[in-house]
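Reproduced below: input.cif, with mmCIF, C-alpha atoms and all ligand atoms.
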data_input
loop_
_atom_site.label_atom_id
_atom_site.label_comp_id
_atom_site.auth_asym_id
_atom_site.auth_seq_id
_atom_site.Cartn_x
_atom_site.Cartn_y
_atom_site.Cartn_z
CA MET A 129 0.00 0.00 0.00
CA ASN A 130 1.51 3.39 -0.96
CA SER A 131 1.31 6.68 0.96
CA PHE A 132 -1.77 7.75 -0.97
CA HIS A 133 -3.61 4.60 0.07
CA ASN A 134 -2.41 4.96 3.67
CA LYS A 135 -3.69 8.54 3.75
CA LEU A 136 -7.11 7.42 2.53
CA LYS A 137 -7.23 4.62 5.03
CA LYS A 138 -6.49 7.04 7.87
CA GLU A 139 -9.29 9.26 6.64
CA GLY A 140 -11.60 6.24 6.60
CA LYS A 141 -12.23 6.51 2.84
CA CYS A 142 -12.72 3.60 0.47
CA VAL A 143 -9.83 3.31 -2.01
CA THR A 144 -12.09 2.26 -4.86
CA THR A 145 -14.48 5.19 -4.42
CA ILE A 146 -11.60 7.63 -4.18
CA LEU A 147 -9.93 6.28 -7.33
CA LYS A 148 -13.28 6.61 -9.08
CA ASP A 149 -13.59 10.25 -7.96
CA PHE A 150 -9.99 10.89 -8.94
CA ILE A 151 -10.60 9.45 -12.41
CA THR A 152 -13.84 11.37 -12.86
CA ASN A 153 -12.37 14.70 -11.86
CA ILE A 154 -8.92 14.64 -13.42
CA PRO A 155 -8.82 16.76 -16.63
CA LYS A 156 -8.77 14.43 -19.61
CA ALA A 157 -8.31 14.37 -23.38
CA GLU A 158 -10.18 12.04 -25.72
CA LEU A 159 -8.53 11.14 -29.04
CA HIS A 160 -10.54 8.16 -30.29
CA LEU A 161 -14.23 8.95 -30.44
CA HIS A 162 -16.58 8.42 -33.38
CA LEU A 163 -19.28 11.09 -33.39
CA GLU A 164 -21.62 8.58 -35.04
CA GLY A 165 -20.88 6.23 -32.15
CA THR A 166 -22.36 8.71 -29.68
CA LEU A 167 -25.92 8.32 -31.01
CA GLU A 168 -27.85 7.50 -27.83
CA PRO A 169 -31.16 5.60 -28.14
CA ASP A 170 -33.25 8.61 -27.01
CA LEU A 171 -31.81 10.92 -29.68
CA LYS A 172 -32.11 8.14 -32.26
CA LEU A 173 -35.84 7.76 -31.50
CA LYS A 174 -36.39 11.54 -31.45
CA LEU A 175 -34.72 12.04 -34.84
CA ALA A 176 -36.48 9.01 -36.33
CA LEU A 177 -39.82 10.55 -35.37
CA LYS A 178 -38.88 14.03 -36.62
CA ASN A 179 -37.57 12.73 -39.95
CA SER A 180 -40.25 10.02 -40.39
CA ILE A 181 -37.69 7.23 -40.57
CA ASP A 182 -38.83 3.72 -39.71
CA ILE A 183 -36.01 2.22 -37.66
CA GLY A 184 -37.98 -0.84 -36.59
CA GLN A 185 -37.77 0.10 -32.89
CA ALA A 186 -40.10 2.27 -30.84
CA THR A 187 -38.62 2.29 -27.34
CA ILE A 188 -35.22 2.76 -25.72
CA GLU A 189 -35.39 -0.85 -24.52
CA GLU A 190 -36.00 -2.09 -28.07
CA VAL A 191 -33.09 -0.05 -29.39
CA GLN A 192 -30.82 -1.39 -26.64
CA ALA A 193 -31.99 -4.95 -27.27
CA SER A 194 -30.72 -4.62 -30.86
CA TYR A 195 -27.17 -4.03 -29.58
CA GLN A 196 -25.95 -7.61 -29.96
CA PHE A 197 -22.35 -7.69 -31.13
CA THR A 198 -19.84 -10.50 -31.14
CA ASP A 199 -17.17 -8.88 -33.28
CA LEU A 200 -16.33 -5.72 -35.25
CA THR A 201 -18.39 -6.78 -38.28
CA SER A 202 -21.55 -7.47 -36.28
CA PHE A 203 -21.11 -4.15 -34.46
CA LEU A 204 -20.79 -2.26 -37.76
CA ASN A 205 -23.93 -4.02 -39.03
CA VAL A 206 -25.92 -2.32 -36.25
CA TYR A 207 -23.96 0.93 -36.35
CA TYR A 208 -24.38 2.03 -39.99
CA PRO A 209 -28.17 1.54 -40.40
CA ALA A 210 -28.77 3.64 -37.25
CA MET A 211 -27.26 6.65 -39.03
CA ASN A 212 -30.33 6.89 -41.30
CA VAL A 213 -31.98 9.06 -38.66
CA LEU A 214 -29.38 11.78 -39.32
CA GLN A 215 -30.83 13.86 -42.16
CA GLU A 216 -30.50 17.60 -41.61
CA GLU A 217 -27.58 19.79 -40.61
CA ASP A 218 -29.08 20.37 -37.21
CA ASP A 219 -29.34 16.59 -36.60
CA PHE A 220 -25.55 16.33 -36.93
CA TYR A 221 -25.19 19.39 -34.71
CA GLN A 222 -27.47 17.88 -32.03
CA LEU A 223 -25.58 14.59 -32.11
CA ALA A 224 -22.19 16.24 -31.66
CA MET A 225 -23.43 18.69 -28.99
CA ALA A 226 -24.90 15.82 -26.97
CA TYR A 227 -21.43 14.25 -26.96
CA PHE A 228 -19.73 17.51 -25.97
CA ARG A 229 -22.10 17.81 -23.01
CA LYS A 230 -21.08 14.29 -21.98
CA ALA A 231 -17.45 15.31 -22.48
CA LYS A 232 -17.94 18.17 -20.03
CA GLU A 233 -19.50 15.80 -17.48
CA ASN A 234 -16.44 13.56 -17.88
CA ASN A 235 -14.02 16.45 -17.42
CA ILE A 236 -12.73 16.12 -20.95
CA HIS A 237 -11.01 19.42 -21.68
CA TYR A 238 -9.78 18.47 -25.15
CA ALA A 239 -11.24 16.17 -27.81
CA GLU A 240 -10.23 15.17 -31.33
CA VAL A 241 -13.29 13.46 -32.78
CA PHE A 242 -13.77 11.24 -35.84
CA PHE A 243 -16.55 11.55 -38.37
CA ASP A 244 -17.39 9.27 -41.32
CA PRO A 245 -18.65 11.38 -44.28
CA GLN A 246 -19.05 8.38 -46.61
CA ALA A 247 -21.54 6.79 -44.21
CA HIS A 248 -23.78 9.77 -44.99
CA THR A 249 -22.97 10.80 -48.58
CA SER A 250 -23.59 7.16 -49.61
CA ARG A 251 -27.22 7.56 -48.50
CA GLY A 252 -27.74 10.90 -50.21
CA ILE A 253 -26.71 13.43 -47.56
CA ALA A 254 -24.56 16.29 -48.89
CA PHE A 255 -21.04 16.61 -47.47
CA ASP A 256 -21.76 20.27 -46.60
CA THR A 257 -24.83 19.29 -44.56
CA LEU A 258 -23.05 16.90 -42.25
CA PHE A 259 -19.84 18.89 -42.11
CA ASN A 260 -21.49 22.20 -41.23
CA GLY A 261 -23.50 20.56 -38.43
CA TYR A 262 -20.47 18.87 -36.91
CA TYR A 263 -18.21 21.89 -37.31
CA ARG A 264 -20.71 24.28 -35.70
CA ALA A 265 -20.88 21.94 -32.71
CA THR A 266 -17.09 21.89 -32.31
CA GLN A 267 -17.20 25.70 -32.17
CA ASP A 268 -20.01 25.75 -29.61
CA ALA A 269 -18.23 23.11 -27.50
CA ALA A 270 -15.84 25.88 -26.44
CA SER A 271 -18.65 27.46 -24.39
CA LEU A 272 -18.76 24.21 -22.39
CA GLY A 273 -15.02 24.38 -21.76
CA VAL A 274 -14.26 21.64 -24.30
CA GLU A 275 -11.75 22.33 -27.10
CA ALA A 276 -12.79 20.12 -30.00
CA HIS A 277 -11.34 19.32 -33.44
CA LEU A 278 -12.47 17.10 -36.32
CA ILE A 279 -10.69 14.12 -37.89
CA LEU A 280 -12.22 12.94 -41.16
CA CYS A 281 -12.14 9.14 -41.52
CA PHE A 282 -12.39 7.21 -44.76
CA LEU A 283 -14.33 3.97 -44.67
CA ARG A 284 -11.81 1.27 -45.56
CA ASP A 285 -14.49 -1.06 -46.95
CA PHE A 286 -15.25 1.59 -49.60
CA SER A 287 -12.99 2.03 -52.62
CA ALA A 288 -9.75 4.02 -52.78
CA GLU A 289 -11.46 6.16 -55.48
CA SER A 290 -14.28 7.05 -53.09
CA ALA A 291 -11.69 8.06 -50.47
CA LEU A 292 -10.02 10.34 -53.04
CA GLU A 293 -13.36 11.91 -54.02
CA HIS A 294 -14.10 12.67 -50.37
CA TYR A 295 -10.59 14.00 -49.90
CA GLU A 296 -11.28 16.54 -52.66
CA LEU A 297 -14.50 17.57 -50.90
CA CYS A 298 -12.75 18.05 -47.60
CA LEU A 299 -10.17 20.36 -49.16
CA LEU A 300 -12.93 23.00 -49.33
CA TYR A 301 -12.78 22.95 -45.53
CA ARG A 302 -9.03 22.54 -45.20
CA ASP A 303 -8.62 24.82 -42.16
CA LYS A 304 -11.49 23.23 -40.28
CA ILE A 305 -10.16 19.66 -40.36
CA LEU A 306 -7.26 18.65 -38.13
CA GLY A 307 -6.50 15.20 -39.44
CA ILE A 308 -7.38 12.26 -41.64
CA GLY A 309 -8.08 8.73 -40.38
CA LEU A 310 -9.25 5.32 -41.58
CA ASP A 311 -11.90 3.15 -39.94
CA SER A 312 -14.64 0.53 -40.55
CA ASP A 313 -14.07 -3.13 -41.45
CA GLU A 314 -10.37 -3.97 -41.58
CA ARG A 315 -10.82 -7.46 -43.00
CA ASP A 316 -9.32 -7.50 -46.55
CA ASN A 317 -8.85 -3.72 -46.39
CA PRO A 318 -5.21 -3.14 -45.41
CA PRO A 319 -3.67 0.34 -45.03
CA GLY A 320 -1.83 0.03 -48.38
CA LYS A 321 -5.16 0.24 -50.24
CA PHE A 322 -5.22 3.95 -49.30
CA LYS A 323 -1.56 4.78 -49.83
CA ALA A 324 -2.19 7.43 -52.50
CA VAL A 325 -4.77 9.43 -50.59
CA PHE A 326 -2.77 9.36 -47.36
CA ARG A 327 0.34 10.49 -49.24
CA ARG A 328 -1.60 13.49 -50.49
CA ALA A 329 -3.03 14.22 -47.06
CA LYS A 330 0.46 14.19 -45.56
CA GLU A 331 1.82 16.45 -48.29
CA ASP A 332 -1.07 18.85 -47.69
CA GLY A 333 -0.16 19.05 -44.00
CA PHE A 334 -2.95 17.04 -42.41
CA HIS A 335 -2.17 14.92 -39.38
CA ILE A 336 -2.78 11.26 -40.13
CA THR A 337 -3.86 8.24 -38.13
CA MET A 338 -5.42 4.83 -38.83
CA HIS A 339 -7.43 2.16 -37.11
CA CYS A 340 -5.51 -1.07 -36.63
CA ASP A 341 -8.28 -3.00 -34.92
CA ILE A 342 -7.81 -5.75 -32.37
CA ASP A 343 -6.98 -9.35 -33.37
CA GLN A 344 -7.65 -8.89 -37.08
CA VAL A 345 -6.38 -11.34 -39.68
CA GLY A 346 -3.00 -9.82 -40.49
CA SER A 347 -3.09 -7.34 -37.58
CA ILE A 348 0.67 -7.10 -37.23
CA GLU A 349 1.23 -6.75 -41.01
CA ASN A 350 -1.34 -3.95 -41.09
CA ILE A 351 0.33 -2.20 -38.16
CA ARG A 352 3.70 -2.47 -39.91
CA GLU A 353 2.22 -1.08 -43.14
CA ALA A 354 0.49 1.80 -41.33
CA LEU A 355 3.71 2.74 -39.55
CA LEU A 356 6.37 2.14 -42.17
CA GLU A 357 4.58 2.58 -45.50
CA ILE A 358 1.92 5.15 -44.68
CA GLY A 359 3.82 6.95 -41.92
CA VAL A 360 0.92 7.44 -39.50
CA GLU A 361 1.44 9.68 -36.47
CA ARG A 362 -0.85 7.57 -34.26
CA LEU A 363 -2.44 4.13 -34.28
CA ASP A 364 -6.08 3.78 -33.29
CA HIS A 365 -6.29 0.61 -31.15
CA GLY A 366 -3.10 -1.12 -32.35
CA THR A 367 -2.40 -3.15 -29.19
CA ASN A 368 -1.45 -6.23 -31.26
CA ILE A 369 1.86 -4.40 -31.64
CA VAL A 370 2.98 -6.19 -28.42
CA GLU A 371 3.58 -9.23 -30.67
CA ASP A 372 6.51 -7.46 -32.38
CA PRO A 373 9.21 -5.97 -30.12
CA THR A 374 10.86 -4.20 -33.09
CA LEU A 375 7.67 -2.28 -33.83
CA VAL A 376 7.21 -1.55 -30.12
CA ASP A 377 10.70 0.01 -30.12
CA TYR A 378 9.76 1.97 -33.25
CA VAL A 379 6.64 3.58 -31.75
CA ARG A 380 8.36 4.20 -28.42
CA ASN A 381 11.34 5.92 -30.05
CA LEU A 382 9.19 8.08 -32.33
CA GLU A 383 6.58 8.72 -29.60
CA ILE A 384 3.80 7.43 -31.85
CA GLY A 385 0.78 7.10 -29.59
CA LEU A 386 -1.85 4.37 -29.43
CA THR A 387 -5.48 5.32 -28.81
CA CYS A 388 -6.80 2.27 -26.96
CA CYS A 389 -10.43 1.61 -26.11
CA PRO A 390 -10.70 -1.09 -23.42
CA VAL A 391 -14.48 -1.19 -22.98
CA SER A 392 -15.03 -1.20 -26.75
CA ASN A 393 -12.54 -4.09 -26.99
CA SER A 394 -14.50 -6.04 -24.41
CA PHE A 395 -17.54 -5.90 -26.72
CA VAL A 396 -15.88 -6.81 -30.00
CA VAL A 397 -13.24 -9.31 -28.86
CA ASP A 398 -14.47 -10.19 -25.35
CA ASP A 399 -11.25 -8.90 -23.78
CA MET A 400 -10.35 -5.36 -22.69
CA LYS A 401 -6.76 -6.04 -23.77
CA GLY A 402 -5.85 -4.51 -20.42
CA SER A 403 -2.73 -6.68 -20.03
CA GLU A 404 -1.44 -5.49 -23.40
CA ILE A 405 -2.22 -1.85 -22.58
CA LYS A 406 -0.49 -2.16 -19.20
CA THR A 407 2.55 -3.88 -20.73
CA LEU A 408 2.89 -1.19 -23.42
CA LEU A 409 2.56 1.53 -20.78
CA GLN A 410 5.31 -0.09 -18.72
CA GLN A 411 7.47 -0.34 -21.86
CA GLY A 412 7.20 3.43 -22.28
CA VAL A 413 4.77 3.48 -25.23
CA LYS A 414 2.37 6.45 -25.29
CA VAL A 415 -0.84 4.47 -24.82
CA THR A 416 -4.07 6.30 -24.02
CA ILE A 417 -7.60 5.40 -22.93
CA ASN A 418 -10.62 6.34 -25.07
CA SER A 419 -14.29 5.47 -25.46
CA ASP A 420 -14.63 4.76 -29.24
CA ASP A 421 -18.44 4.42 -29.59
CA PRO A 422 -19.77 5.25 -26.12
CA ALA A 423 -23.50 5.06 -26.90
CA TYR A 424 -23.13 1.50 -28.17
CA PHE A 425 -20.73 0.28 -25.48
CA GLN A 426 -22.58 2.24 -22.77
CA SER A 427 -19.42 3.75 -21.38
CA TYR A 428 -18.05 7.27 -21.52
CA LEU A 429 -14.43 8.14 -20.83
CA SER A 430 -14.37 8.26 -17.01
CA ASN A 431 -15.97 4.84 -16.89
CA ASP A 432 -13.51 3.47 -19.49
CA PHE A 433 -10.66 4.55 -17.23
CA TYR A 434 -12.36 3.20 -14.18
CA GLN A 435 -13.11 -0.20 -15.74
CA ILE A 436 -9.54 -0.83 -16.82
CA ALA A 437 -8.08 0.56 -13.57
CA ASP A 438 -10.34 -1.65 -11.50
CA ARG A 439 -9.96 -4.81 -13.56
CA TYR A 440 -6.20 -4.58 -14.05
CA ASN A 441 -5.27 -2.98 -10.71
CA LEU A 442 -3.79 0.13 -12.23
CA SER A 443 -2.01 2.36 -9.75
CA ARG A 444 -2.86 6.02 -9.45
CA GLU A 445 0.49 6.76 -11.14
CA GLU A 446 -0.46 4.56 -14.10
CA VAL A 447 -3.80 6.34 -14.42
CA ILE A 448 -1.97 9.69 -14.38
CA ALA A 449 0.47 8.46 -17.05
CA LEU A 450 -2.40 7.36 -19.30
CA VAL A 451 -4.13 10.72 -18.84
CA LYS A 452 -0.96 12.69 -19.56
CA ASN A 453 -0.08 10.57 -22.59
CA ALA A 454 -3.27 11.73 -24.30
CA PHE A 455 -2.32 15.41 -23.98
CA GLU A 456 1.25 14.59 -24.98
CA ILE A 457 0.23 12.90 -28.25
CA ALA A 458 -2.58 15.35 -29.04
CA TRP A 459 -2.20 17.38 -32.22
CA ILE A 460 -1.78 20.71 -30.47
CA SER A 461 0.92 23.35 -30.10
CA PRO A 462 3.60 22.93 -27.42
CA GLU A 463 2.03 25.89 -25.58
CA SER A 464 -1.40 24.22 -25.48
CA LYS A 465 0.19 20.99 -24.35
CA THR A 466 1.88 22.77 -21.47
CA LYS A 467 -1.38 24.50 -20.56
CA TYR A 468 -3.32 21.22 -20.37
CA LEU A 469 -0.56 19.31 -18.59
CA ARG A 470 -0.45 22.09 -15.98
CA GLN A 471 -4.20 21.69 -15.46
CA VAL A 472 -3.62 17.97 -14.82
CA ASP A 473 -0.79 18.70 -12.38
CA ALA A 474 -2.83 21.36 -10.60
CA TYR A 475 -5.63 18.86 -10.10
CA ILE A 476 -3.25 16.20 -8.78
CA GLN A 477 -1.77 18.72 -6.35
CA SER A 478 -5.19 19.86 -5.22
CA VAL A 479 -6.15 16.33 -4.12
CA GLY A 480 -2.79 15.70 -2.44
CA ALA A 481 -0.03 13.20 -3.18
N1 LIG B 501 -16.15 2.69 -36.60
C1 LIG B 501 -16.66 2.96 -35.39
N2 LIG B 501 -16.02 2.27 -34.44
C2 LIG B 501 -15.06 1.55 -35.06
C3 LIG B 501 -14.05 0.66 -34.63
N3 LIG B 501 -13.89 0.35 -33.34
N4 LIG B 501 -13.27 0.10 -35.55
C4 LIG B 501 -13.43 0.40 -36.84
N5 LIG B 501 -14.33 1.23 -37.29
C5 LIG B 501 -15.16 1.82 -36.41
ZN ZN B 502 -12.69 3.47 -33.45
#
In structure tokens, write the structure found in this file.
Ligand code: ADE
Ligand code: ZN
Amino acid sequence: MNSFHNKLKKEGKCVTTILKDFITNIPKAELHLHLEGTLEPDLKLKLALKNSIDIGQATIEEVQASYQFTDLTSFLNVYYPAMNVLQEEDDFYQLAMAYFRKAKENNIHYAEVFFDPQAHTSRGIAFDTLFNGYYRATQDAASLGVEAHLILCFLRDFSAESALEHYELCLLYRDKILGIGLDSDERDNPPGKFKAVFRRAKEDGFHITMHCDIDQVGSIENIREALLEIGVERLDHGTNIVEDPTLVDYVRNLEIGLTCCPVSNSFVVDDMKGSEIKTLLQQGVKVTINSDDPAYFQSYLSNDFYQIADRYNLSREEVIALVKNAFEIAWISPESKTKYLRQVDAYIQSVGA
């Protein structure tokens, strides 16, 4: 038991409750969050009614009962059809604002959030409609004390040509998009399929990242390709990297961060991958904790931290390291980084060592 635990014991406080409070209140950054994955059942039903969309469910319980996933593919099969309720610019705004309110509740001071334009343009929604709604919300998030930026993701199960077409569209909004990512079903869709569009994005000065989902066929090959051929600055998920010490050295040396999502993992592969996350943290890799699709996995960021801390006996120091890693690998200026890291330190000081 360390001095922190001794202090709590003397004060007659429960360690678990205190760690939970500590996790809830510490200033956090979220770097792996799909705006479409924040569609809560109540908003889904409200928008379905407003837009006269038959979603086949009429109550929150019915919506929740449809959340039966055993792997990434079965999750995505529920995830994409739900997006039909998003029709007008204000629907996208409402969705994103609902997340930013949750972010505030979770003491998230900084968020880089993904959006999937092809999931909407492919069903007839104009790029401008979805983009303007999301962007307006990121601006209004500031009034909640949340700094928010957008990362456009290509759907990897769509063609490379479609990715290029959407890249051209996003250039109209160049200054409003922080980075470019890749998500959706990884099976048979390796990073190399999108080499050309990511090369352009890099040349144009976008930050770049990519999903390397958990336990995929060819996971380690895809991680290698993302790192060495595409030159990503972060890996989304990516914990299979523990299988290759050379690649672990590579990401540690270049400070390439991993945006891990333990609760999400527990839904799609029945394992939080907490041991891998802990090992990578101990090896000095910049691993972070994130919520991924919180409405579907019923867990926002504080709970994600709490679940992994509780299950894998993370120390308070390990929790702090995970929190700080997120600010350290965020795509912000050194001055902003210092500002946020000071907020974290001030909080830690305020609760005592
Ligand atoms: N889209 C939303 N969540 C995702 C995930 N975990 N992996 C790939 N694509 C996604
Ligand atoms: Zn994701």
*Counting all atoms listed in the file, what residues are within 10 Å of ligand LIG 501 (chain B), given as a PyMOL selection string?*
chain A and resi 160-166+199-201+203-204+207-208+242-244+281-285+310-314+338-342+364-365+388-389+392-393+395-396+419-422+424
_If I take CA of Lys174 in chain A and CA of Glu216 in chain A, how far is one from the other in Å, to one decimal?_
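Computed distance, CA of Lys174 in chain A to CA of Glu216 in chain A, equals 13.2 Å.
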*Which residue of A:Val376, A:Val274, A:Ile351, A:Ala454 approaches Asn234 in chain A most closely, using only C-alpha atoms*: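 Under the stated criterion, the closest residue is A:Val274.
Comparing A:Leu469, A:Ala239, A:Val213, A:Val451 by their smallest distance to Ile253 in chain A, the closest is A:Val213 (using all atoms listed in the file).
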*Which residue gives the smallest distance to Leu382 in chain A among A:Ala423, A:Ala354, A:Val413, A:Ala324, with all atoms listed in the file counted?*
A:Val413
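Of the residues listed (A:Glu383, A:Glu361, A:Asp149, A:Asp332), A:Asp149 shows the shortest atom-to-atom separation from Ser430 in chain A; distances use only C-alpha atoms.
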*Write out as a ChimeraX atom specification the residues lying within 9 Å of range 437-440 of chain A, counting only C-alpha atoms and excluding same-chain residues fewer than 6 positions away.*
/A:144,147,402-403,406,446-447
Mind writing the picked residues with C-alpha atoms as a CSV table (one decimal), in the coordinates of the input?
chain,number,residue,atom,x,y,z
A,144,THR,CA,-12.1,2.3,-4.9
A,147,LEU,CA,-9.9,6.3,-7.3
A,402,GLY,CA,-5.8,-4.5,-20.4
A,403,SER,CA,-2.7,-6.7,-20.0
A,406,LYS,CA,-0.5,-2.2,-19.2
A,446,GLU,CA,-0.5,4.6,-14.1
A,447,VAL,CA,-3.8,6.3,-14.4
*Excluding Lys172 in chain A and residues on its chain fewer than 5 positions from it, collect all residues at most 9 Å away from it, counting all atoms listed in the file, and give them as a list in words.*
Leu167, Leu177, Ile183, Val191, Ala210, Met211, Val213 and Leu214 of chain A
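Each of A:Gly385, A:Asp398, A:Gly346, A:Leu409 was checked against Ser443 in chain A using only C-alpha atoms; the smallest atom-to-atom distance is that of A:Leu409.
Each of A:Ser287, A:Lys467, A:Leu408, A:Phe425 was checked against ligand ZN 502 (chain B) using only C-alpha atoms and all ligand atoms; the smallest atom-to-atom distance is that of A:Phe425.
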*With a distance cut-off of 8 Å and only C-alpha atoms, select the neighbouring residues of Leu429 in chain A, excluding the residue or stretch itself and same-chain residues fewer than 3 positions from it, and output the selection as a PyMOL selection string.*
chain A and resi 158+231+234+417-419+432-433
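We find CA of Leu223 in chain A and CA of Lys401 in chain A to be spaced 29.1 Å apart.
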_Contact residues around Ile279 in chain A with all atoms listed in the file at 8 Å, ignoring same-chain residues under 6 positions, as number ranges by chain_ = A: 240-243, 305-309
_Pairwise distance for CA of Phe220 in chain A and CA of Gly261 in chain A, rounded to one decimal in Å_ = 4.9 Å
*Write out as a list in words the residues lying within 10 Å of range 228-230 of chain A, counting all atoms listed in the file and excluding same-chain residues fewer than 6 positions away.*
Leu163, Thr166, Gln222, Ile236, His237, Ala239, Ala265, Thr266, Asp268, Ala269, Ala270, Leu272, Gly273, Val274, Glu275, Ala276, Tyr428 and Leu429 of chain A
*May I have the protein, DNA and RNA residues with any atom at most 12 Å from the point (2.2, -2.8, -43.8), counting all atoms listed in the file, written as a list in words?*
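Counting all atoms listed in the file, I find these residues within 12 Å of (2.2, -2.8, -43.8): Asn317, Pro318, Pro319, Gly320, Lys321, Phe322, Lys323, Met338, Cys340, Gly346, Ser347, Ile348, Glu349, Asn350, Ile351, Arg352, Glu353, Ala354, Leu355, Leu356, Glu357, Ile358, Gly359, Val360 and Leu375 of chain A.
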